[in-house]
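K.L.:
Please read through the structure below; I'll follow up with questions.
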There are 2 protein chains.
Amino acid sequence: MTLSQSELALDAEAQNLLFREARTANSFSDEPVTDEQVQAIYDLVKWAPTSMNQQPLRIVLLRSAEAKQRLLPHLMEGNRAKTEQAPLVAILAADTEFHENLPKVFPHKPEAKDIFADPVFREQNAKLNATLQAGYFFLGVRAAGLAVGPMTGLDAAGINAEFFPEGDQQALVVANIGKPGENPWMERLPRLDYDEVVTTL
Amino acid sequence: MTLSQSELALDAEAQNLLFREARTANSFSDEPVTDEQVQAIYDLVKWAPTSMNQQPLRIVLLRSAEAKQRLLPHLMEGNRAKTEQAPLVAILAADTEFHENLPKVFPHKPEAKDIFADPVFREQNAKLNATLQAGYFFLGVRAAGLAVGPMTGLDAAGINAEFFPEGDQQALVVANIGKPGENPWMERLPRLDYDEVVTTL
């Protein structure tokens, strides 16, 4: 254990599972991902924070070949084969009508819904908070012992037209999910140093 | 342990530390957050994935009263007192010039930098991926045994003008960090049910 690891309360095994040994998978085994696993992932990550408990993340799971065929044309060409092959594909989207839930999920402030009356402000909030939740979700997939392959290079407008024709959701990220297959990942890429990322004032 | 918890590979203690028992803090003790702790958090969360290893997240840590005073006018009024009181405040921002690092962090694809020549496309990528990293960072703060209080209700343009006058960074979220103080949190707010969030095709 390094000095850095010993500064953390999280045990070393969990650090490895979620961060240090987890890798972005580009190929997957045939082993299915069950509904029970996705339910368990959601029941874990739902507790992570969003601003005013907005919870704007929505998830569309694609299991069937037919469902995946609707998505493939909207992905970068280099991402299509692995998405076709993954046992489970998730479209992570922001619900721009999240404010309708606020009377239920932020009940102590009945005026909360009205704060988001402006659709531009609401969309900004939905995308920002749903993207935070997407980050939580990816770590939740790893918490279930599964590998995740997130992809932000996509034609969001095309996905929105195909999957969200009512216009109330905006696609953010697509993720392949499963057990790693053969030669599942590239050599680990370098990370920026602390001093390149963090400034103290 | 519930059925749902037993579906996960992550141990129950880690589940509690990061998600189930972790709470958004609104007050903090006087105990300082050390540079070593922030370094350990970064050395953990830096491994989580970004598209093409973009790593656009930048973090400005505010420790001194003077530094915090520069931030306070740009926060919602209800967030100022707790931010003034927190031992450490972090501005999480997206570096819209992240592509300059790609020759170093995505070395096997020398043309990667040119993909992001368009500043609008680059800003979209920077914000999306830095927000995913902000989600990882919040869980990393919890992994260090600290409480985090993220705030997305802020005047981003004002923060950008004050802290990033060169225009190469965009503020996304501000987070208070520390050990919880007195009456640190509200009653836990309800979360959406699985069927309200997840659809299977």
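Convention: chains lettered A, B, ... in structure tokens order; per-chain residue numbering from 1; ligands numbered from 1 as shown.
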Mind checking which residues fall within 6 Å of segment 110-121 of chain A, counting only C-alpha atoms, ignoring those fewer than 5 positions away in the same chain, and posting them as a PyMOL selection string?
P.N.:
chain A and resi 99+102-103
K.L.:
Please identify all polymer residues within 7 Å of segment 55-68 of chain B, counting only C-alpha atoms, omitting same-chain residues fewer than 4 positions from it, and present them as a PyMOL selection string.
P.N.:
(chain A and resi 197-201) or (chain B and resi 50+72+84+87-95+98+126+129-130+133)
K.L.:
Please write the residues from the selection above to a file, keeping N, CA and C atoms, as a compact mmCIF listing (two decimals), in the first residue's frame.
P.N.:
# COMPACT_ATOMS: atom_id res chain seq x y z
N VAL A 197 -3.41 19.43 -12.60
CA VAL A 197 -4.87 19.44 -12.46
C VAL A 197 -5.32 20.35 -11.31
N VAL A 198 -4.55 20.35 -10.22
CA VAL A 198 -5.00 21.01 -8.99
C VAL A 198 -4.16 22.25 -8.70
N THR A 199 -4.82 23.37 -8.43
CA THR A 199 -4.19 24.62 -8.02
C THR A 199 -4.74 24.99 -6.65
N THR A 200 -3.90 25.47 -5.74
CA THR A 200 -4.38 25.89 -4.42
C THR A 200 -4.22 27.40 -4.27
N LEU A 201 -5.31 28.06 -3.85
CA LEU A 201 -5.26 29.51 -3.63
C LEU A 201 -5.33 29.79 -2.13
N THR B 50 -12.35 8.76 -18.99
CA THR B 50 -12.87 9.86 -19.80
C THR B 50 -12.70 9.46 -21.27
N LEU B 72 -17.55 33.84 -2.92
CA LEU B 72 -18.88 33.91 -2.28
C LEU B 72 -19.93 34.70 -3.07
N GLU B 84 -18.31 29.62 3.48
CA GLU B 84 -17.38 30.41 4.30
C GLU B 84 -16.83 29.56 5.45
N PRO B 87 -13.73 23.94 5.74
CA PRO B 87 -12.26 24.02 5.77
C PRO B 87 -11.64 24.05 4.38
N LEU B 88 -12.30 23.45 3.41
CA LEU B 88 -11.76 23.43 2.05
C LEU B 88 -12.91 23.58 1.06
N VAL B 89 -12.71 24.43 0.06
CA VAL B 89 -13.70 24.62 -1.00
C VAL B 89 -13.01 24.34 -2.33
N ALA B 90 -13.66 23.58 -3.18
CA ALA B 90 -13.07 23.25 -4.49
C ALA B 90 -13.96 23.77 -5.60
N ILE B 91 -13.35 24.52 -6.53
CA ILE B 91 -14.04 24.87 -7.77
C ILE B 91 -13.65 23.81 -8.79
N LEU B 92 -14.65 23.11 -9.34
CA LEU B 92 -14.38 22.09 -10.35
C LEU B 92 -14.72 22.70 -11.72
N ALA B 93 -13.74 22.69 -12.61
CA ALA B 93 -13.88 23.38 -13.89
C ALA B 93 -13.43 22.48 -15.03
N ALA B 94 -13.89 22.83 -16.24
CA ALA B 94 -13.49 22.11 -17.45
C ALA B 94 -12.44 22.92 -18.18
N ASP B 95 -11.32 22.28 -18.52
CA ASP B 95 -10.26 22.92 -19.30
C ASP B 95 -10.60 22.76 -20.78
N PHE B 98 -7.96 21.20 -23.23
CA PHE B 98 -7.48 19.87 -22.85
C PHE B 98 -6.77 19.17 -24.00
N ALA B 126 -15.24 18.96 -23.28
CA ALA B 126 -14.59 19.33 -22.01
C ALA B 126 -15.61 19.32 -20.88
N ASN B 129 -17.05 15.58 -20.15
CA ASN B 129 -16.10 14.68 -19.50
C ASN B 129 -15.62 15.21 -18.15
N ALA B 130 -15.47 16.52 -18.01
CA ALA B 130 -15.08 17.07 -16.70
C ALA B 130 -16.21 16.87 -15.68
N GLN B 133 -15.98 13.46 -14.44
CA GLN B 133 -14.88 13.42 -13.46
C GLN B 133 -15.25 14.08 -12.14
K.L.:
Just the strand (DSSP E) stuff from chain B, please, per backbone DSSP, written as a PyMOL selection string.
P.N.:
chain B and resi 57-62+88-95+147-151+169-178+198-200
K.L.:
Return the neighbours of chain B among the residues of chain A, cut-off 7 Å, counting only C-alpha atoms, as an MDAnalysis selection string.
P.N.:
chainID A and resid 4:5 7:10 14 19:20 24 37 39:40 42 44:49 51 57:63 67 105:106 128 131:136 143:145 151:152 189:191 194 197:201
K.L.:
Take atom CA of Ala156 of chain A and atom CA of Gly181 of chain A and report the distance between them in Å, one decimal.
P.N.:
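Calculated distance between atom CA of Ala156 of chain A and atom CA of Gly181 of chain A is 27.6 Å.
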K.L.:
Measure the distance from atom CA of Met186 of chain A to atom CA of Val174 of chain A in Å and round it to one decimal.
P.N.:
19.4 Å
K.L.:
Pick out the residues sitting within 6 Å of Phe28 of chain B, and hand them over as an MDAnalysis selection string; count only C-alpha atoms, and ignore anything fewer than 4 positions along from it in its own chain.
P.N.:
chainID B and resid 86 178:181
K.L.:
Identify, with DSSP run on backbone atoms, the residues in segment 84-199 of chain B assigned to alpha helix (DSSP H), and express the list as JSON, numbers by chain.
P.N.:
{"B": [84, 85, 102, 103, 104, 105, 112, 113, 114, 115, 119, 120, 121, 122, 123, 124, 125, 126, 127, 128, 129, 130, 131, 132, 133, 134, 135, 136, 137, 138, 139, 140, 141, 142, 143, 156, 157, 158, 159, 160, 161, 162, 163, 194, 195, 196, 197]}
